[in-house]
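What's in start17.cif: mmCIF, C-alpha atoms and all ligand atoms
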```cif
data_query
#
loop_
_atom_site.group_PDB
_atom_site.id
_atom_site.type_symbol
_atom_site.label_atom_id
_atom_site.label_comp_id
_atom_site.auth_asym_id
_atom_site.auth_seq_id
_atom_site.Cartn_x
_atom_site.Cartn_y
_atom_site.Cartn_z
ATOM 1 C CA MET A 8 -20.363 0.430 -17.284
ATOM 2 C CA ALA A 9 -22.579 2.766 -19.282
ATOM 3 C CA ASP A 10 -25.329 4.402 -17.282
ATOM 4 C CA SER A 11 -28.695 3.478 -18.711
ATOM 5 C CA ASN A 12 -30.410 6.685 -17.585
ATOM 6 C CA ASN A 13 -27.349 8.824 -18.353
ATOM 7 C CA ARG A 14 -27.499 10.912 -15.164
ATOM 8 C CA GLY A 15 -24.780 12.092 -12.859
ATOM 9 C CA GLU A 16 -22.396 13.887 -15.214
ATOM 10 C CA VAL A 17 -20.189 16.321 -13.300
ATOM 11 C CA VAL A 18 -18.633 19.260 -15.132
ATOM 12 C CA PHE A 19 -16.032 21.600 -13.655
ATOM 13 C CA GLU A 20 -16.053 24.687 -15.832
ATOM 14 C CA ASP A 21 -13.107 26.996 -15.272
ATOM 15 C CA VAL A 22 -13.359 26.669 -11.480
ATOM 16 C CA THR A 23 -11.280 28.841 -9.179
ATOM 17 C CA ARG A 24 -11.412 28.301 -5.425
ATOM 18 C CA ALA A 25 -9.353 30.123 -2.826
ATOM 19 C CA VAL A 26 -9.179 29.873 0.963
ATOM 20 C CA LYS A 27 -8.567 32.884 3.112
ATOM 21 C CA THR A 28 -6.049 32.582 5.886
ATOM 22 C CA ARG A 29 -5.658 35.320 8.512
ATOM 23 C CA LYS A 30 -3.232 37.352 6.398
ATOM 24 C CA THR A 31 -3.441 36.060 2.830
ATOM 25 C CA GLU A 32 -5.645 34.347 0.330
ATOM 26 C CA GLU A 33 -4.395 31.052 -1.069
ATOM 27 C CA ILE A 34 -5.604 29.893 -4.470
ATOM 28 C CA ILE A 35 -6.260 26.142 -4.381
ATOM 29 C CA LEU A 36 -7.950 25.499 -7.733
ATOM 30 C CA HIS A 37 -7.179 27.803 -10.632
ATOM 31 C CA HIS A 38 -9.100 27.674 -13.935
ATOM 32 C CA CYS A 39 -9.769 24.014 -13.289
ATOM 33 C CA SER A 40 -11.920 22.240 -15.901
ATOM 34 C CA PHE A 41 -12.781 18.558 -16.312
ATOM 35 C CA VAL A 42 -15.711 16.217 -16.873
ATOM 36 C CA VAL A 43 -16.704 13.202 -14.777
ATOM 37 C CA GLU A 44 -18.744 11.074 -17.150
ATOM 38 C CA SER A 45 -22.019 9.584 -15.958
ATOM 39 C CA GLY A 46 -21.989 5.898 -15.103
ATOM 40 C CA LYS A 47 -18.180 5.745 -15.005
ATOM 41 C CA LEU A 48 -15.625 5.395 -12.247
ATOM 42 C CA THR A 49 -13.353 8.414 -12.451
ATOM 43 C CA VAL A 50 -10.318 8.528 -10.209
ATOM 44 C CA LEU A 51 -8.658 11.802 -9.317
ATOM 45 C CA ILE A 52 -5.010 11.678 -8.321
ATOM 46 C CA GLY A 53 -2.637 14.486 -7.464
ATOM 47 C CA PRO A 54 0.025 15.778 -5.104
ATOM 48 C CA SER A 55 -0.798 16.099 -1.423
ATOM 49 C CA GLY A 56 -2.597 19.336 -0.673
ATOM 50 C CA CYS A 57 -3.459 20.032 -4.334
ATOM 51 C CA GLY A 58 -7.168 20.368 -3.564
ATOM 52 C CA LYS A 59 -8.618 16.872 -3.986
ATOM 53 C CA THR A 60 -10.843 17.166 -0.909
ATOM 54 C CA THR A 61 -11.801 20.663 -2.062
ATOM 55 C CA ILE A 62 -13.036 19.147 -5.331
ATOM 56 C CA ILE A 63 -15.080 16.524 -3.419
ATOM 57 C CA ASN A 64 -16.543 19.290 -1.233
ATOM 58 C CA LEU A 65 -17.483 21.340 -4.298
ATOM 59 C CA VAL A 66 -19.300 18.405 -5.920
ATOM 60 C CA ALA A 67 -20.982 17.491 -2.628
ATOM 61 C CA GLY A 68 -22.189 21.080 -2.242
ATOM 62 C CA TYR A 69 -20.305 21.728 1.040
ATOM 63 C CA GLU A 70 -18.347 24.518 -0.698
ATOM 64 C CA THR A 71 -19.019 26.776 -3.683
ATOM 65 C CA PRO A 72 -16.532 27.983 -6.292
ATOM 66 C CA ASP A 73 -15.264 31.575 -6.195
ATOM 67 C CA ARG A 74 -15.295 31.641 -9.971
ATOM 68 C CA GLY A 75 -16.491 29.224 -12.640
ATOM 69 C CA LYS A 76 -19.158 26.545 -12.329
ATOM 70 C CA VAL A 77 -19.649 23.084 -10.897
ATOM 71 C CA LEU A 78 -22.504 21.519 -12.851
ATOM 72 C CA ILE A 79 -24.370 18.259 -12.294
ATOM 73 C CA ASP A 80 -26.268 17.312 -15.432
ATOM 74 C CA GLY A 81 -26.020 20.950 -16.501
ATOM 75 C CA ILE A 82 -27.360 22.410 -13.233
ATOM 76 C CA PRO A 83 -25.066 24.336 -10.839
ATOM 77 C CA VAL A 84 -24.515 22.710 -7.426
ATOM 78 C CA THR A 85 -25.862 24.942 -4.674
ATOM 79 C CA ARG A 86 -26.229 22.646 -1.661
ATOM 80 C CA PRO A 87 -25.732 19.069 -0.436
ATOM 81 C CA ASP A 88 -28.219 16.454 -1.586
ATOM 82 C CA TRP A 89 -28.919 12.745 -0.954
ATOM 83 C CA GLU A 90 -28.139 12.200 -4.639
ATOM 84 C CA ARG A 91 -24.467 12.960 -3.873
ATOM 85 C CA LEU A 92 -22.987 11.017 -0.983
ATOM 86 C CA VAL A 93 -19.443 11.132 0.339
ATOM 87 C CA VAL A 94 -17.406 8.370 1.970
ATOM 88 C CA PHE A 95 -14.510 9.966 3.836
ATOM 89 C CA GLN A 96 -11.298 8.546 5.171
ATOM 90 C CA GLU A 97 -12.482 8.993 8.725
ATOM 91 C CA THR A 98 -15.344 6.777 9.812
ATOM 92 C CA ALA A 99 -18.712 8.502 9.855
ATOM 93 C CA LEU A 100 -20.714 5.547 11.201
ATOM 94 C CA PHE A 101 -23.013 6.416 14.102
ATOM 95 C CA PRO A 102 -21.355 4.757 17.116
ATOM 96 C CA TRP A 103 -24.674 4.250 18.928
ATOM 97 C CA LEU A 104 -26.225 2.252 16.072
ATOM 98 C CA THR A 105 -25.440 -1.324 15.022
ATOM 99 C CA CYS A 106 -23.930 -2.006 11.642
ATOM 100 C CA TYR A 107 -27.409 -2.966 10.316
ATOM 101 C CA ASP A 108 -29.093 0.132 11.789
ATOM 102 C CA ASN A 109 -26.364 2.362 10.339
ATOM 103 C CA VAL A 110 -27.122 0.966 6.872
ATOM 104 C CA MET A 111 -30.900 1.325 7.411
ATOM 105 C CA PHE A 112 -30.542 4.945 8.566
ATOM 106 C CA GLY A 113 -30.522 6.657 5.134
ATOM 107 C CA PRO A 114 -33.527 4.934 3.529
ATOM 108 C CA LEU A 115 -35.596 5.334 6.711
ATOM 109 C CA ALA A 116 -34.730 9.040 6.882
ATOM 110 C CA THR A 117 -35.445 9.772 3.221
ATOM 111 C CA LYS A 118 -38.351 7.297 2.915
ATOM 112 C CA VAL A 119 -37.334 6.550 -0.666
ATOM 113 C CA MET A 120 -38.223 2.896 -0.085
ATOM 114 C CA THR A 121 -40.396 0.920 2.300
ATOM 115 C CA ARG A 122 -38.908 -0.494 5.504
ATOM 116 C CA GLN A 123 -39.215 -4.010 4.067
ATOM 117 C CA GLU A 124 -37.389 -3.024 0.871
ATOM 118 C CA ALA A 125 -34.692 -1.229 2.880
ATOM 119 C CA HIS A 126 -34.325 -4.317 5.112
ATOM 120 C CA GLU A 127 -33.863 -6.596 2.099
ATOM 121 C CA GLN A 128 -31.368 -4.207 0.495
ATOM 122 C CA ALA A 129 -29.429 -3.783 3.752
ATOM 123 C CA ILE A 130 -29.068 -7.553 4.212
ATOM 124 C CA LYS A 131 -28.044 -7.979 0.569
ATOM 125 C CA LEU A 132 -25.445 -5.217 0.709
ATOM 126 C CA LEU A 133 -24.015 -6.253 4.066
ATOM 127 C CA GLU A 134 -23.627 -9.815 2.805
ATOM 128 C CA LYS A 135 -21.990 -8.547 -0.377
ATOM 129 C CA VAL A 136 -19.363 -6.672 1.632
ATOM 130 C CA GLY A 137 -18.730 -9.701 3.851
ATOM 131 C CA LEU A 138 -20.508 -8.373 6.953
ATOM 132 C CA GLY A 139 -23.411 -10.831 6.986
ATOM 133 C CA ASP A 140 -22.303 -12.189 10.370
ATOM 134 C CA PHE A 141 -21.588 -8.750 11.873
ATOM 135 C CA MET A 142 -24.864 -6.916 11.344
ATOM 136 C CA GLU A 143 -25.665 -6.612 15.036
ATOM 137 C CA LYS A 144 -22.203 -5.368 16.012
ATOM 138 C CA TYR A 145 -21.552 -1.738 16.888
ATOM 139 C CA PRO A 146 -18.863 0.185 14.921
ATOM 140 C CA ILE A 147 -16.412 -0.031 17.835
ATOM 141 C CA GLN A 148 -16.609 -3.833 17.640
ATOM 142 C CA LEU A 149 -15.548 -3.827 13.962
ATOM 143 C CA SER A 150 -12.031 -3.667 12.499
ATOM 144 C CA GLY A 151 -11.027 -0.626 10.399
ATOM 145 C CA GLY A 152 -11.598 -2.548 7.152
ATOM 146 C CA MET A 153 -15.015 -3.750 8.312
ATOM 147 C CA GLN A 154 -16.005 -0.191 9.203
ATOM 148 C CA ARG A 155 -15.045 0.953 5.694
ATOM 149 C CA ARG A 156 -17.171 -1.826 4.192
ATOM 150 C CA ALA A 157 -20.126 -0.910 6.431
ATOM 151 C CA GLU A 158 -19.766 2.687 5.209
ATOM 152 C CA LEU A 159 -19.828 1.565 1.598
ATOM 153 C CA ALA A 160 -23.054 -0.356 2.252
ATOM 154 C CA ARG A 161 -24.488 2.585 4.187
ATOM 155 C CA ALA A 162 -23.869 4.964 1.287
ATOM 156 C CA LEU A 163 -24.788 2.649 -1.605
ATOM 157 C CA ILE A 164 -28.162 1.606 -0.143
ATOM 158 C CA ASN A 165 -29.347 5.148 -0.913
ATOM 159 C CA ARG A 166 -28.571 4.573 -4.607
ATOM 160 C CA PRO A 167 -26.877 7.956 -4.991
ATOM 161 C CA THR A 168 -26.569 9.292 -8.507
ATOM 162 C CA ILE A 169 -22.996 10.259 -7.632
ATOM 163 C CA MET A 170 -20.759 8.534 -5.090
ATOM 164 C CA LEU A 171 -17.852 10.625 -3.870
ATOM 165 C CA MET A 172 -14.983 8.735 -2.290
ATOM 166 C CA ASP A 173 -12.299 10.818 -0.543
ATOM 167 C CA GLU A 174 -9.347 8.491 0.026
ATOM 168 C CA PRO A 175 -11.664 6.028 1.774
ATOM 169 C CA PHE A 176 -9.008 3.319 2.114
ATOM 170 C CA ARG A 177 -6.143 5.541 3.298
ATOM 171 C CA GLY A 178 -4.564 4.261 6.475
ATOM 172 C CA LEU A 179 -5.625 0.633 6.009
ATOM 173 C CA ASP A 180 -2.901 -2.000 5.857
ATOM 174 C CA ALA A 181 -1.921 -3.217 2.368
ATOM 175 C CA MET A 182 -3.835 -6.528 2.508
ATOM 176 C CA THR A 183 -7.042 -4.942 3.802
ATOM 177 C CA ARG A 184 -6.755 -2.184 1.251
ATOM 178 C CA GLU A 185 -6.523 -4.661 -1.647
ATOM 179 C CA LEU A 186 -9.535 -6.528 -0.330
ATOM 180 C CA MET A 187 -11.480 -3.271 0.015
ATOM 181 C CA GLN A 188 -10.663 -2.319 -3.572
ATOM 182 C CA GLU A 189 -12.065 -5.639 -4.779
ATOM 183 C CA TYR A 190 -15.247 -5.322 -2.676
ATOM 184 C CA TYR A 191 -15.658 -1.778 -3.916
ATOM 185 C CA LEU A 192 -15.180 -2.702 -7.584
ATOM 186 C CA ARG A 193 -17.727 -5.489 -7.306
ATOM 187 C CA LEU A 194 -20.282 -2.998 -5.946
ATOM 188 C CA VAL A 195 -19.438 -0.317 -8.522
ATOM 189 C CA GLU A 196 -19.584 -2.726 -11.431
ATOM 190 C CA GLU A 197 -23.144 -3.607 -10.402
ATOM 191 C CA SER A 198 -24.324 -0.117 -9.390
ATOM 192 C CA HIS A 199 -24.065 1.755 -12.728
ATOM 193 C CA GLY A 200 -23.837 5.079 -10.842
ATOM 194 C CA THR A 201 -21.260 7.812 -11.319
ATOM 195 C CA HIS A 202 -18.269 7.438 -9.009
ATOM 196 C CA LEU A 203 -15.568 10.014 -8.284
ATOM 197 C CA PHE A 204 -12.787 8.434 -6.249
ATOM 198 C CA VAL A 205 -9.868 10.420 -4.847
ATOM 199 C CA THR A 206 -6.588 8.744 -4.016
ATOM 200 C CA SER A 207 -2.885 9.496 -3.789
ATOM 201 C CA GLU A 208 -1.928 5.851 -4.559
ATOM 202 C CA ILE A 209 -1.038 5.209 -8.192
ATOM 203 C CA GLU A 210 -1.690 1.444 -8.080
ATOM 204 C CA GLU A 211 -5.106 1.946 -6.522
ATOM 205 C CA ALA A 212 -5.965 4.658 -9.056
ATOM 206 C CA ILE A 213 -5.189 2.542 -12.111
ATOM 207 C CA PHE A 214 -6.692 -0.652 -10.693
ATOM 208 C CA LEU A 215 -10.040 1.072 -10.080
ATOM 209 C CA ALA A 216 -10.459 3.686 -12.814
ATOM 210 C CA ASP A 217 -12.289 3.952 -16.102
ATOM 211 C CA LYS A 218 -10.843 7.459 -16.397
ATOM 212 C CA LEU A 219 -7.938 8.931 -14.494
ATOM 213 C CA ILE A 220 -7.687 12.683 -13.911
ATOM 214 C CA ILE A 221 -4.184 13.753 -12.950
ATOM 215 C CA MET A 222 -3.954 17.080 -11.115
ATOM 216 C CA THR A 223 -1.117 19.610 -11.107
ATOM 217 C CA ASN A 224 0.424 21.108 -8.001
ATOM 218 C CA LYS A 225 -1.363 23.958 -6.283
ATOM 219 C CA PRO A 226 -2.833 26.228 -7.673
ATOM 220 C CA SER A 227 -4.291 23.141 -9.307
ATOM 221 C CA ARG A 228 -6.017 22.207 -12.487
ATOM 222 C CA ALA A 229 -6.591 18.949 -14.311
ATOM 223 C CA LYS A 230 -3.321 18.268 -16.107
ATOM 224 C CA ARG A 231 -4.214 15.091 -18.037
ATOM 225 C CA VAL A 232 -7.094 12.668 -18.391
ATOM 226 C CA LEU A 233 -6.148 9.072 -19.160
ATOM 227 C CA ASP A 234 -8.513 6.361 -20.370
ATOM 228 C CA ILE A 235 -7.859 3.253 -18.316
ATOM 229 C CA ASP A 236 -8.756 0.625 -20.867
ATOM 230 C CA LEU A 237 -8.181 -2.434 -18.660
ATOM 231 C CA PRO A 238 -10.889 -5.113 -18.940
ATOM 232 C CA ARG A 239 -13.894 -5.377 -16.597
ATOM 233 C CA PRO A 240 -14.844 -7.020 -14.377
ATOM 234 C CA ARG A 241 -11.420 -6.101 -13.068
ATOM 235 C CA LYS A 242 -9.483 -8.764 -11.188
ATOM 236 C CA ALA A 243 -6.213 -8.563 -9.259
ATOM 237 C CA GLU A 244 -4.422 -10.459 -12.106
ATOM 238 C CA VAL A 245 -4.652 -7.290 -14.197
ATOM 239 C CA LEU A 246 -1.905 -5.822 -11.995
ATOM 240 C CA ARG A 247 0.562 -8.108 -13.780
ATOM 241 C CA SER A 248 -0.556 -7.207 -17.306
ATOM 242 C CA LYS A 249 1.621 -5.293 -19.785
ATOM 243 C CA ARG A 250 -1.085 -2.639 -20.286
ATOM 244 C CA TYR A 251 -1.338 -1.992 -16.530
ATOM 245 C CA LEU A 252 2.422 -1.466 -16.325
ATOM 246 C CA GLU A 253 2.344 0.911 -19.318
ATOM 247 C CA LEU A 254 -0.466 2.964 -17.748
ATOM 248 C CA LYS A 255 1.388 3.066 -14.439
ATOM 249 C CA ALA A 256 4.628 4.235 -16.096
ATOM 250 C CA ASN A 257 2.704 6.920 -17.984
ATOM 251 C CA THR A 258 1.012 8.173 -14.804
ATOM 252 C CA LEU A 259 4.288 8.145 -12.883
ATOM 253 C CA GLU A 260 5.923 10.234 -15.558
ATOM 254 C CA ILE A 261 3.187 12.882 -15.428
ATOM 255 C CA LEU A 262 3.229 12.991 -11.616
ATOM 256 C CA HIS A 263 7.005 13.107 -11.634
ATOM 257 C CA GLU A 264 6.919 16.263 -13.752
ATOM 258 C CA GLU A 265 4.729 17.845 -11.068
ATOM 259 C CA ALA A 266 7.029 16.659 -8.278
ATOM 260 C CA VAL A 267 10.016 18.201 -10.069
ATOM 261 C CA LYS A 268 8.140 21.491 -10.523
ATOM 262 C CA ALA A 269 7.171 21.503 -6.848
ATOM 263 C CA SER A 270 10.750 20.749 -5.910
ATOM 264 C CA ARG A 271 12.054 23.649 -8.015
ATOM 265 C CA ALA A 272 9.409 25.978 -6.653
ATOM 266 C CA SER A 273 9.902 25.183 -3.002
ATOM 267 C CA GLY A 274 13.416 23.838 -2.857
ATOM 268 C CA LYS A 275 12.238 20.476 -1.603
ATOM 269 C CA ALA A 276 10.436 17.609 -3.310
ATOM 270 C CA ASP A 277 6.882 16.712 -2.466
ATOM 271 C CA ILE A 278 7.590 13.826 -0.146
ATOM 272 C CA ASN A 279 4.376 11.923 -0.818
ATOM 273 C CA ILE A 280 4.768 11.869 -4.573
ATOM 274 C CA GLU A 281 8.463 10.981 -4.358
ATOM 275 C CA ALA A 282 7.603 8.126 -2.025
ATOM 276 C CA SER A 283 5.019 6.850 -4.516
ATOM 277 C CA ILE A 284 7.484 7.084 -7.366
ATOM 278 C CA ARG A 285 10.152 5.107 -5.546
ATOM 279 C CA LYS A 286 7.735 2.126 -5.079
HETATM 280 N N1 LIG A 301 -10.143 25.552 6.007
HETATM 281 C C1 LIG A 301 -8.968 25.809 5.443
HETATM 282 N N2 LIG A 301 -8.247 26.880 5.820
HETATM 283 C C2 LIG A 301 -7.066 27.139 5.243
HETATM 284 N N3 LIG A 301 -6.511 26.392 4.281
HETATM 285 C C3 LIG A 301 -7.168 25.334 3.883
HETATM 286 C C4 LIG A 301 -8.435 24.959 4.430
HETATM 287 N N4 LIG A 301 -8.851 23.829 3.817
HETATM 288 C C5 LIG A 301 -7.889 23.523 2.928
HETATM 289 N N5 LIG A 301 -6.893 24.408 2.972
HETATM 290 C C6 LIG A 301 -5.712 24.420 2.090
HETATM 291 O O1 LIG A 301 -6.189 24.062 0.837
HETATM 292 C C7 LIG A 301 -5.310 23.187 0.190
HETATM 293 C C8 LIG A 301 -6.079 22.083 -0.432
HETATM 294 O O2 LIG A 301 -6.636 21.298 0.593
HETATM 295 P P1 LIG A 301 -7.314 19.919 0.304
HETATM 296 O O3 LIG A 301 -7.643 19.308 1.602
HETATM 297 O O4 LIG A 301 -8.410 20.101 -0.675
HETATM 298 O O5 LIG A 301 -6.129 19.119 -0.420
HETATM 299 P P2 LIG A 301 -5.961 17.554 -0.645
HETATM 300 O O6 LIG A 301 -5.391 17.397 -2.019
HETATM 301 O O7 LIG A 301 -7.217 16.850 -0.337
HETATM 302 O O8 LIG A 301 -4.848 17.197 0.430
HETATM 303 P P3 LIG A 301 -4.470 15.767 1.071
HETATM 304 O O9 LIG A 301 -3.662 15.059 0.018
HETATM 305 O O10 LIG A 301 -3.663 16.128 2.249
HETATM 306 O O11 LIG A 301 -5.752 15.080 1.411
HETATM 307 C C9 LIG A 301 -4.309 22.724 1.210
HETATM 308 O O12 LIG A 301 -3.053 23.074 0.735
HETATM 309 C C10 LIG A 301 -4.651 23.435 2.481
HETATM 310 O O13 LIG A 301 -3.521 24.122 2.919
HETATM 311 MG MG MG A 302 -7.745 15.374 1.050
#
```
Rendering of file as structure tokens:
Amino acid sequence: MADSNNRGEVVFEDVTRAVKTRKTEEIILHHCSFVVESGKLTVLIGPSGCGKTTIINLVAGYETPDRGKVLIDGIPVTRPDWERLVVFQETALFPWLTCYDNVMFGPLATKVMTRQEAHEQAIKLLEKVGLGDFMEKYPIQLSGGMQRRAELARALINRPTIMLMDEPFRGLDAMTRELMQEYYLRLVEESHGTHLFVTSEIEEAIFLADKLIIMTNKPSRAKRVLDIDLPRPRKAEVLRSKRYLELKANTLEILHEEAVKASRASGKADINIEASIRK
């Protein structure tokens, strides 16, 4: 999935980010450095509360680092931009617009393409995510999985240089989640953009990723970067391959080290990570 125009590289250079509470200041990211390569799907995984959403917010330009730099193609991020779009866990579809009008909203607002071109792209994308028969429905008339797919179409129609996905499939049932991952991969494998996908699910992380960044506990930094050298286009069968199981065991081991450290530090294990490990 090499990017032909080689844009959309994200570099975290020694980033520190703290949040102030009423009495104290809590350091979330501490000397955190990593690279999200252009044209690749990088998945970021880490313990709950380690700062994954903070990282998405920093790339999106909703927050700025206290120290260090967040660079996109060498230029510091200073504000949000249509080139960097986020799909969150919570639905952000406009409830008063139909599925089709939600997807048309971005291109009509930015005028990056004609109405006719936007229309053709919207139909194509909605069909690709299996919503061809639901274009005139309002978000409330769609299931959770359908809403997630409409959001994918709504973001991708804008052809962002960088797609930021913050646990977009969290809360969906297992079957819907698997289906979403396959729809998503099909779109990514055609889009050639840079994707940064945050998850706390190990299986999802390895199934999707070209590169996997594993975070430490808070104050967090990138602990390891793994190359996920599973073949593309990626199909569900890969989940039964020897290489997939090796990568999963490797990731579990690294996350387990963090869970043990958290347990020692706080006297109780990080429940989310432990639950993942027991799977
Ligand atoms: N506005 C805020 N005020 C105070 N603390 C905050 C605020 N936003 C985030 N935090 C703290 O920052 C830390 C990192 O939050 P963040 O949401 O980035 O983590 P996360 O890894 O995305 O968590 P989760 O796995 O729950 O999604 C959390 O431990 C939280 O306590
Ligand atoms: Mg989060």
For Arg247 (chain A), find every residue with an atom within 12 Å (counting all atoms listed in the file), except residues of its own chain fewer than 6 positions away, and show them as a PyMOL selection string.
chain A and resi 210+214+237+253-255
Residues contacting ligand MG 302 (chain A) - anything with an atom at most 12 Å away, using only C-alpha atoms and all ligand atoms - can you give me those as a PDB file with C-alpha atoms, in the coordinates of the input?
```
ATOM      1  CA  LEU A  51      -8.658  11.802  -9.317  1.00  0.00           C
ATOM      2  CA  ILE A  52      -5.010  11.678  -8.321  1.00  0.00           C
ATOM      3  CA  GLY A  53      -2.637  14.486  -7.464  1.00  0.00           C
ATOM      4  CA  PRO A  54       0.025  15.778  -5.104  1.00  0.00           C
ATOM      5  CA  SER A  55      -0.798  16.099  -1.423  1.00  0.00           C
ATOM      6  CA  GLY A  56      -2.597  19.336  -0.673  1.00  0.00           C
ATOM      7  CA  CYS A  57      -3.459  20.032  -4.334  1.00  0.00           C
ATOM      8  CA  GLY A  58      -7.168  20.368  -3.564  1.00  0.00           C
ATOM      9  CA  LYS A  59      -8.618  16.872  -3.986  1.00  0.00           C
ATOM     10  CA  THR A  60     -10.843  17.166  -0.909  1.00  0.00           C
ATOM     11  CA  THR A  61     -11.801  20.663  -2.062  1.00  0.00           C
ATOM     12  CA  ILE A  62     -13.036  19.147  -5.331  1.00  0.00           C
ATOM     13  CA  ILE A  63     -15.080  16.524  -3.419  1.00  0.00           C
ATOM     14  CA  ASN A  64     -16.543  19.290  -1.233  1.00  0.00           C
ATOM     15  CA  VAL A  94     -17.406   8.370   1.970  1.00  0.00           C
ATOM     16  CA  PHE A  95     -14.510   9.966   3.836  1.00  0.00           C
ATOM     17  CA  GLN A  96     -11.298   8.546   5.171  1.00  0.00           C
ATOM     18  CA  GLU A  97     -12.482   8.993   8.725  1.00  0.00           C
ATOM     19  CA  MET A 172     -14.983   8.735  -2.290  1.00  0.00           C
ATOM     20  CA  ASP A 173     -12.299  10.818  -0.543  1.00  0.00           C
ATOM     21  CA  GLU A 174      -9.347   8.491   0.026  1.00  0.00           C
ATOM     22  CA  PRO A 175     -11.664   6.028   1.774  1.00  0.00           C
ATOM     23  CA  ARG A 177      -6.143   5.541   3.298  1.00  0.00           C
ATOM     24  CA  PHE A 204     -12.787   8.434  -6.249  1.00  0.00           C
ATOM     25  CA  VAL A 205      -9.868  10.420  -4.847  1.00  0.00           C
ATOM     26  CA  THR A 206      -6.588   8.744  -4.016  1.00  0.00           C
ATOM     27  CA  SER A 207      -2.885   9.496  -3.789  1.00  0.00           C
TER      28      SER A 207
END
```
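When all atoms listed in the file are used to compute distances to Ala25 (chain A), the closest of the residues A:Leu65, A:Asn165, A:Glu244, A:Pro226 turns out to be A:Pro226.
The residues caught by the PyMOL selection byres (((chain A and resi 103) around 12) and not hetatm) in this file are Ala99, Leu100, Phe101, Pro102, Leu104, Thr105, Cys106, Tyr107, Asp108, Asn109, Phe112, Glu143, Lys144, Tyr145, Pro146, Ile147 and Gln148 of chain A.
You can rank A:Lys218, A:His263, A:Lys30, A:Arg156 by their closest distance to ligand LIG 301 (chain A) using only C-alpha atoms and all ligand atoms, and at the top of that list sits A:Lys30.
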Assuming the chain letters and numbering stay as they are in my file, what does the PyMOL selection byres (((chain A and resi 187) around 10) and not hetatm) actually select? List them as number ranges by chain.
A: 136, 152-153, 155-156, 159, 175-176, 179, 181-186, 188-193
One number please: CA of Thr49 (chain A) to CA of Gly75 (chain A), in Å, one decimal.
21.0 Å
Could you tell me, as an MDAnalysis selection string, which residues have any atom at most 12 Å from (-28.1, 9.7, 0.5), counting all atoms listed in the file?
chainID A and resid 67 87:94 110:119 158:171
Of the residues A:Ala216, A:Val22, A:Ala157, A:Leu194, which is the one nearest to Leu138 (chain A), using only C-alpha atoms?
A:Ala157
Box time for region 221-234 of chain A: axis-aligned, enclosing all its listed atoms, 5 Å extra on each side; report centre and edge lengths in Å to one decimal, as lines of an AutoDock Vina configuration file.
```
center_x = -4.0
center_y = 16.3
center_z = -13.3
size_x = 18.9
size_y = 29.9
size_z = 24.1
```
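Listed by chain and then by number, the residues chosen by the PyMOL selection byres (((chain A and resi 240) around 8) and not hetatm) in this file are Arg193, Glu196, Pro238, Arg239, Arg241 and Lys242 of chain A.
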How many Å separate CA of Thr85 (chain A) from CA of Val18 (chain A)?
13.9 Å
Quick one: residues within 6 Å of Asp21 (chain A), all atoms listed in the file, excluding same-chain residues fewer than 5 positions away - as a PDB file with C-alpha atoms, keeping the file's coordinate frame?
```pdb
ATOM      1  CA  HIS A  38      -9.100  27.674 -13.935  1.00  0.00           C
ATOM      2  CA  CYS A  39      -9.769  24.014 -13.289  1.00  0.00           C
ATOM      3  CA  SER A  40     -11.920  22.240 -15.901  1.00  0.00           C
ATOM      4  CA  GLY A  75     -16.491  29.224 -12.640  1.00  0.00           C
TER       5      GLY A  75
END
```
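If all atoms listed in the file are the atoms counted, then among A:Glu127, A:Glu134, A:Glu208, A:Glu265 the closest residue to ligand LIG 301 (chain A) is A:Glu208.
With CA of Arg228 (chain A) on one side and CA of Leu252 (chain A) on the other, the separation reads 25.4 Å.
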Using only C-alpha atoms and all ligand atoms, which of the listed residues (A:His126, A:His202, A:Arg74, A:Lys225) sits closest to ligand LIG 301 (chain A)?
A:Lys225
Can I get N, CA and C atoms for region 149-156 of chain A, as a PDB file, in the first residue's frame?
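So selection_31.pdb came out as:
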```pdb
ATOM      1  N   LEU A 149     -30.935   3.618  11.228  1.00  0.00           N
ATOM      2  CA  LEU A 149     -29.860   2.662  10.902  1.00  0.00           C
ATOM      3  C   LEU A 149     -29.372   1.950  12.163  1.00  0.00           C
ATOM      4  N   SER A 150     -28.878   0.705  11.980  1.00  0.00           N
ATOM      5  CA  SER A 150     -28.299  -0.009  13.130  1.00  0.00           C
ATOM      6  C   SER A 150     -26.938   0.631  13.461  1.00  0.00           C
ATOM      7  N   GLY A 151     -26.370   0.250  14.610  1.00  0.00           N
ATOM      8  CA  GLY A 151     -25.068   0.803  15.019  1.00  0.00           C
ATOM      9  C   GLY A 151     -23.997   0.551  13.964  1.00  0.00           C
ATOM     10  N   GLY A 152     -23.971  -0.688  13.432  1.00  0.00           N
ATOM     11  CA  GLY A 152     -22.964  -1.043  12.425  1.00  0.00           C
ATOM     12  C   GLY A 152     -23.152  -0.227  11.152  1.00  0.00           C
ATOM     13  N   MET A 153     -24.412  -0.032  10.766  1.00  0.00           N
ATOM     14  CA  MET A 153     -24.686   0.763   9.554  1.00  0.00           C
ATOM     15  C   MET A 153     -24.248   2.208   9.753  1.00  0.00           C
ATOM     16  N   GLN A 154     -24.474   2.728  10.940  1.00  0.00           N
ATOM     17  CA  GLN A 154     -24.041   4.113  11.227  1.00  0.00           C
ATOM     18  C   GLN A 154     -22.532   4.241  11.096  1.00  0.00           C
ATOM     19  N   ARG A 155     -21.800   3.223  11.601  1.00  0.00           N
ATOM     20  CA  ARG A 155     -20.335   3.260  11.507  1.00  0.00           C
ATOM     21  C   ARG A 155     -19.894   3.258  10.046  1.00  0.00           C
ATOM     22  N   ARG A 156     -20.613   2.449   9.225  1.00  0.00           N
ATOM     23  CA  ARG A 156     -20.248   2.368   7.806  1.00  0.00           C
ATOM     24  C   ARG A 156     -20.558   3.685   7.105  1.00  0.00           C
TER      25      ARG A 156
END
```
